[in-house]
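Asker: Take this structure, written in structure tokens, and hold onto it; I'll ask about it next.
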Amino acid sequence: METVTYHKSGFAVPVLSMLGIAIVVESTAIHFLLGAENLVVTVILAVLHLVSLWWIVAQIRAIIKCPHTITEDHIALRYGTLYAIDIPRAQIVDIRAYNHRTDKDLSIQNFDIVNGATPRIIIELSIPLPVLIMGIKKRYTSYIGLTTDNDKALLALAPPKVSL
């Protein structure tokens, strides 16, 4: 089994870190603004901020600790606990570098926290497979966009081209 990490080249860790810092600043400001006037609202907001901060830290840890895994018969793509898909190798039509001219109009499920980010790799599937979003919602897709720390490892898995 081979693993491919994605946390060094993606946007998730910096975006989530900035969101965590914003939550700490906002929580502190709200505590000082509402602390003396309305204790119940202050406590409720503090609990919500702590839960949000816990979720952000859990996402950052999951993104760092759960890389994509490649085995002989399938590829398991994970993006923290946000996205997950298991792809049988037989269902892969092509693995290629993203080409803005030809791939920009495809309906791509981007495995990055910033969905507008341009992926570096496209995995094309023969049939739409379900992507689990936050472990519950399924979305079927035939194209997956990725940015990894080692794009060559995934590009090397591309099935050979058949020429007639």
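Each chain of the structure tokens is named A, B, ... in the order shown, its residues numbered from 1; ligands are numbered from 1 in display order.
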Could you list, as an MDAnalysis selection string, every residue within 10 Å of Ile92 of chain A, counting only C-alpha atoms and ignoring same-chain residues fewer than 2 positions away?

Answerer: chainID A and resid 74:75 87:90 94:95 123:127 142:143 157:159

Asker: Residues of the last selection are to be written out with C-alpha atoms, as an mmCIF file, in the first residue's frame.

Answerer:
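Ended up saving to again.cif:
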```cif
data_model
loop_
_atom_site.group_PDB
_atom_site.id
_atom_site.type_symbol
_atom_site.label_atom_id
_atom_site.label_comp_id
_atom_site.auth_asym_id
_atom_site.auth_seq_id
_atom_site.Cartn_x
_atom_site.Cartn_y
_atom_site.Cartn_z
ATOM 1 C CA HIS A 74 -8.331 0.435 -5.624
ATOM 2 C CA ILE A 75 -7.531 4.025 -4.711
ATOM 3 C CA ILE A 87 -12.270 3.974 -6.587
ATOM 4 C CA PRO A 88 -11.767 0.486 -8.006
ATOM 5 C CA ARG A 89 -8.788 0.620 -10.365
ATOM 6 C CA ALA A 90 -10.923 -1.027 -13.081
ATOM 7 C CA ASP A 94 -7.691 8.192 -17.229
ATOM 8 C CA ILE A 95 -5.498 10.012 -14.737
ATOM 9 C CA ILE A 123 -9.186 11.291 -12.444
ATOM 10 C CA GLU A 124 -11.772 10.275 -15.039
ATOM 11 C CA LEU A 125 -14.061 7.381 -14.108
ATOM 12 C CA SER A 126 -15.947 5.037 -16.426
ATOM 13 C CA ILE A 127 -19.145 5.312 -14.358
ATOM 14 C CA SER A 142 -17.264 10.927 -13.018
ATOM 15 C CA TYR A 143 -14.411 13.442 -12.648
ATOM 16 C CA LEU A 157 -1.210 4.975 -12.201
ATOM 17 C CA ALA A 158 -2.858 6.120 -15.425
ATOM 18 C CA PRO A 159 -4.068 3.202 -17.524
#
```

Asker: Do a neighbour search on Ile44 of chain A at 12 Å with only C-alpha atoms, toss out local chain neighbours closer than 4 positions, and write the hits as a PyMOL selection string.

Answerer: chain A and resi 27+30-31+34-35+38-40+48-51

Asker: Okay, now the selection with N, CA and C atoms, as a JSON list (two decimals), in the first residue's frame?

Answerer:
```json
[["chain", "number", "residue", "atom", "x", "y", "z"],
["A", 27, "SER", "N", -14.53, 35.46, 19.29],
["A", 27, "SER", "CA", -15.01, 35.00, 20.59],
["A", 27, "SER", "C", -14.56, 35.95, 21.70],
["A", 30, "ILE", "N", -16.60, 39.23, 21.37],
["A", 30, "ILE", "CA", -17.98, 39.06, 21.82],
["A", 30, "ILE", "C", -18.04, 38.92, 23.34],
["A", 31, "HIS", "N", -17.07, 38.22, 23.91],
["A", 31, "HIS", "CA", -17.04, 38.07, 25.37],
["A", 31, "HIS", "C", -16.94, 39.43, 26.06],
["A", 34, "LEU", "N", -20.39, 41.47, 25.25],
["A", 34, "LEU", "CA", -21.64, 40.98, 25.84],
["A", 34, "LEU", "C", -21.48, 40.41, 27.25],
["A", 35, "GLY", "N", -20.26, 40.25, 27.70],
["A", 35, "GLY", "CA", -20.00, 39.55, 28.95],
["A", 35, "GLY", "C", -20.79, 40.04, 30.14],
["A", 38, "ASN", "N", -25.25, 40.23, 29.12],
["A", 38, "ASN", "CA", -26.10, 39.06, 28.93],
["A", 38, "ASN", "C", -25.26, 37.80, 29.06],
["A", 39, "LEU", "N", -25.24, 37.24, 30.25],
["A", 39, "LEU", "CA", -24.39, 36.09, 30.55],
["A", 39, "LEU", "C", -24.83, 34.85, 29.77],
["A", 40, "VAL", "N", -26.12, 34.63, 29.61],
["A", 40, "VAL", "CA", -26.62, 33.43, 28.93],
["A", 40, "VAL", "C", -26.17, 33.42, 27.46],
["A", 48, "LEU", "N", -20.51, 27.55, 21.41],
["A", 48, "LEU", "CA", -20.52, 27.39, 19.94],
["A", 48, "LEU", "C", -19.14, 27.66, 19.34],
["A", 49, "HIS", "N", -18.46, 28.67, 19.84],
["A", 49, "HIS", "CA", -17.12, 28.97, 19.34],
["A", 49, "HIS", "C", -16.15, 27.84, 19.67],
["A", 50, "LEU", "N", -16.24, 27.29, 20.87],
["A", 50, "LEU", "CA", -15.35, 26.18, 21.25],
["A", 50, "LEU", "C", -15.61, 24.93, 20.41],
["A", 51, "VAL", "N", -16.88, 24.64, 20.14],
["A", 51, "VAL", "CA", -17.20, 23.49, 19.30],
["A", 51, "VAL", "C", -16.68, 23.72, 17.87]]
```

Asker: Rank nothing, just name the residue among A:Leu155, A:Met1, A:Thr42, A:Ala12 nearest to Asp73 of chain A, using only C-alpha atoms.

Answerer: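 Ranked by minimum distance to Asp73 of chain A, first place goes to A:Met1.
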
Asker: At what distance in Å, to one decimal, does atom CA of Tyr6 of chain A lie from atom CA of Thr141 of chain A?

Answerer: 20.4 Å

Asker: What parts of chain A does DSSP call alpha helix (DSSP H)? I'd like the answer as a PyMOL selection string.

Answerer: chain A and resi 12-34+39-65+100-103+151-155

Asker: Just the strand (DSSP E or B) stuff from chain A, please, per backbone DSSP, written as a VMD selection string.

Answerer: chain A and resid 2 to 4 68 to 70 74 to 79 83 to 88 92 to 97 108 to 110 121 to 133 137 to 146

Asker: Between A:Phe11, A:Trp54, A:Phe32, A:Tyr140, which is the closest to Ala84 of chain A once you count only C-alpha atoms?

Answerer: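 Nearest candidate to Ala84 of chain A out of A:Phe11, A:Trp54, A:Phe32, A:Tyr140: A:Tyr140.
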
Asker: Considering only C-alpha atoms, state which residue in the set A:Arg120, A:Leu106, A:Ala46, A:Pro14 is at the smallest distance from Ala29 of chain A.

Answerer: A:Ala46

Asker: Would you work out the distance separating atom CA of His7 of chain A from atom CA of Lys104 of chain A, expressed in Å to one decimal?

Answerer: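 Atom-to-atom, atom CA of His7 of chain A to atom CA of Lys104 of chain A, that is 23.8 Å.
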
Asker: Nearest to Val24 of chain A: which of A:Val43, A:Val4, A:Leu129, A:Leu53 is it, counting only C-alpha atoms?

Answerer: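 Using only C-alpha atoms, Val24 of chain A sits closest to A:Leu53.
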
Asker: Could you tell me how far atom CA of Gln109 of chain A lies from atom CA of Pro130 of chain A, in Å and to one decimal?

Answerer: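 According to the coordinates, atom CA of Gln109 of chain A and atom CA of Pro130 of chain A are separated by 10.5 Å.
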
Asker: Show which residues sit within 12 Å of Leu82 of chain A, as a PDB file with N, CA and C atoms, in the first residue's frame. Count only C-alpha atoms, and ignore same-chain residues fewer than 4 positions away.

Answerer:
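Output saved as out_25.pdb:
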```pdb
ATOM      1  N   ALA A  12      -6.230  23.796   2.467  1.00  0.00           N
ATOM      2  CA  ALA A  12      -7.049  23.524   3.644  1.00  0.00           C
ATOM      3  C   ALA A  12      -6.411  23.974   4.947  1.00  0.00           C
ATOM      4  N   TRP A  55     -13.872  21.499  15.912  1.00  0.00           N
ATOM      5  CA  TRP A  55     -14.093  20.923  14.592  1.00  0.00           C
ATOM      6  C   TRP A  55     -12.965  21.313  13.635  1.00  0.00           C
ATOM      7  N   ILE A  56     -12.541  22.554  13.676  1.00  0.00           N
ATOM      8  CA  ILE A  56     -11.466  23.017  12.800  1.00  0.00           C
ATOM      9  C   ILE A  56     -10.166  22.283  13.102  1.00  0.00           C
ATOM     10  N   ALA A  58      -9.899  19.352  14.493  1.00  0.00           N
ATOM     11  CA  ALA A  58     -10.089  17.957  14.066  1.00  0.00           C
ATOM     12  C   ALA A  58      -9.916  17.819  12.559  1.00  0.00           C
ATOM     13  N   GLN A  59     -10.422  18.784  11.787  1.00  0.00           N
ATOM     14  CA  GLN A  59     -10.256  18.736  10.328  1.00  0.00           C
ATOM     15  C   GLN A  59      -8.787  18.851   9.936  1.00  0.00           C
ATOM     16  N   ILE A  60      -8.076  19.768  10.554  1.00  0.00           N
ATOM     17  CA  ILE A  60      -6.651  19.931  10.230  1.00  0.00           C
ATOM     18  C   ILE A  60      -5.897  18.653  10.554  1.00  0.00           C
ATOM     19  N   ALA A  62      -7.123  15.577  10.698  1.00  0.00           N
ATOM     20  CA  ALA A  62      -7.543  14.524   9.765  1.00  0.00           C
ATOM     21  C   ALA A  62      -6.905  14.724   8.394  1.00  0.00           C
ATOM     22  N   ILE A  63      -6.784  15.957   7.955  1.00  0.00           N
ATOM     23  CA  ILE A  63      -6.157  16.227   6.657  1.00  0.00           C
ATOM     24  C   ILE A  63      -4.690  15.829   6.685  1.00  0.00           C
ATOM     25  N   CYS A  66      -4.568  11.590   7.468  1.00  0.00           N
ATOM     26  CA  CYS A  66      -5.275  10.629   6.605  1.00  0.00           C
ATOM     27  C   CYS A  66      -4.955  10.890   5.132  1.00  0.00           C
ATOM     28  N   LEU A  77      -9.465   7.861  -1.800  1.00  0.00           N
ATOM     29  CA  LEU A  77      -9.185   9.287  -1.668  1.00  0.00           C
ATOM     30  C   LEU A  77      -9.942   9.825  -0.465  1.00  0.00           C
ATOM     31  N   ARG A  78      -9.239  10.543   0.377  1.00  0.00           N
ATOM     32  CA  ARG A  78      -9.827  11.171   1.557  1.00  0.00           C
ATOM     33  C   ARG A  78      -9.408  12.630   1.579  1.00  0.00           C
ATOM     34  N   ASN A 110     -14.028  18.544  -6.769  1.00  0.00           N
ATOM     35  CA  ASN A 110     -12.689  18.968  -6.369  1.00  0.00           C
ATOM     36  C   ASN A 110     -12.423  18.559  -4.929  1.00  0.00           C
ATOM     37  N   PHE A 111     -11.371  17.791  -4.704  1.00  0.00           N
ATOM     38  CA  PHE A 111     -11.005  17.366  -3.363  1.00  0.00           C
ATOM     39  C   PHE A 111     -10.093  18.404  -2.732  1.00  0.00           C
ATOM     40  N   ASP A 112     -10.641  19.566  -2.498  1.00  0.00           N
ATOM     41  CA  ASP A 112      -9.938  20.630  -1.786  1.00  0.00           C
ATOM     42  C   ASP A 112     -10.997  21.438  -1.060  1.00  0.00           C
ATOM     43  N   ILE A 113     -10.622  22.030   0.058  1.00  0.00           N
ATOM     44  CA  ILE A 113     -11.593  22.780   0.845  1.00  0.00           C
ATOM     45  C   ILE A 113     -12.053  24.032   0.103  1.00  0.00           C
ATOM     46  N   VAL A 114     -11.207  24.559  -0.748  1.00  0.00           N
ATOM     47  CA  VAL A 114     -11.558  25.709  -1.572  1.00  0.00           C
ATOM     48  C   VAL A 114     -11.994  25.147  -2.922  1.00  0.00           C
ATOM     49  N   ASN A 115     -13.319  24.984  -3.103  1.00  0.00           N
ATOM     50  CA  ASN A 115     -13.812  24.324  -4.307  1.00  0.00           C
ATOM     51  C   ASN A 115     -13.480  25.064  -5.587  1.00  0.00           C
ATOM     52  N   VAL A 131     -19.422  10.037  -3.941  1.00  0.00           N
ATOM     53  CA  VAL A 131     -18.480  10.724  -3.069  1.00  0.00           C
ATOM     54  C   VAL A 131     -19.231  11.022  -1.779  1.00  0.00           C
ATOM     55  N   LEU A 132     -18.679  10.556  -0.664  1.00  0.00           N
ATOM     56  CA  LEU A 132     -19.285  10.879   0.620  1.00  0.00           C
ATOM     57  C   LEU A 132     -18.835  12.268   1.040  1.00  0.00           C
ATOM     58  N   ILE A 133     -19.790  13.113   1.331  1.00  0.00           N
ATOM     59  CA  ILE A 133     -19.489  14.467   1.780  1.00  0.00           C
ATOM     60  C   ILE A 133     -19.870  14.542   3.255  1.00  0.00           C
ATOM     61  N   MET A 134     -18.867  14.758   4.101  1.00  0.00           N
ATOM     62  CA  MET A 134     -19.020  14.774   5.554  1.00  0.00           C
ATOM     63  C   MET A 134     -19.601  13.459   6.059  1.00  0.00           C
ATOM     64  N   GLY A 135     -19.303  12.384   5.368  1.00  0.00           N
ATOM     65  CA  GLY A 135     -19.689  11.051   5.807  1.00  0.00           C
ATOM     66  C   GLY A 135     -21.126  10.655   5.579  1.00  0.00           C
ATOM     67  N   ILE A 136     -21.955  11.557   5.088  1.00  0.00           N
ATOM     68  CA  ILE A 136     -23.365  11.212   4.946  1.00  0.00           C
ATOM     69  C   ILE A 136     -23.928  11.492   3.557  1.00  0.00           C
ATOM     70  N   LYS A 137     -23.716  12.653   3.042  1.00  0.00           N
ATOM     71  CA  LYS A 137     -24.314  13.027   1.770  1.00  0.00           C
ATOM     72  C   LYS A 137     -23.524  12.417   0.628  1.00  0.00           C
ATOM     73  N   LYS A 138     -24.237  11.809  -0.303  1.00  0.00           N
ATOM     74  CA  LYS A 138     -23.580  11.223  -1.455  1.00  0.00           C
ATOM     75  C   LYS A 138     -23.808  12.108  -2.672  1.00  0.00           C
TER      76      LYS A 138
END
```

Asker: Pick the closest to Asn99 of chain A from A:Ile121, A:Val13, A:Ile70, A:Leu154: which is it, counting only C-alpha atoms?

Answerer: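 Of all the options, A:Ile121 lies closest to Asn99 of chain A.
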
Asker: Which is closer to Thr81 of chain A than all the others in A:Pro119, A:Pro67, A:Gly145, A:Pro128, using only C-alpha atoms?

Answerer: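 Under the stated criterion, the closest residue is A:Pro67.
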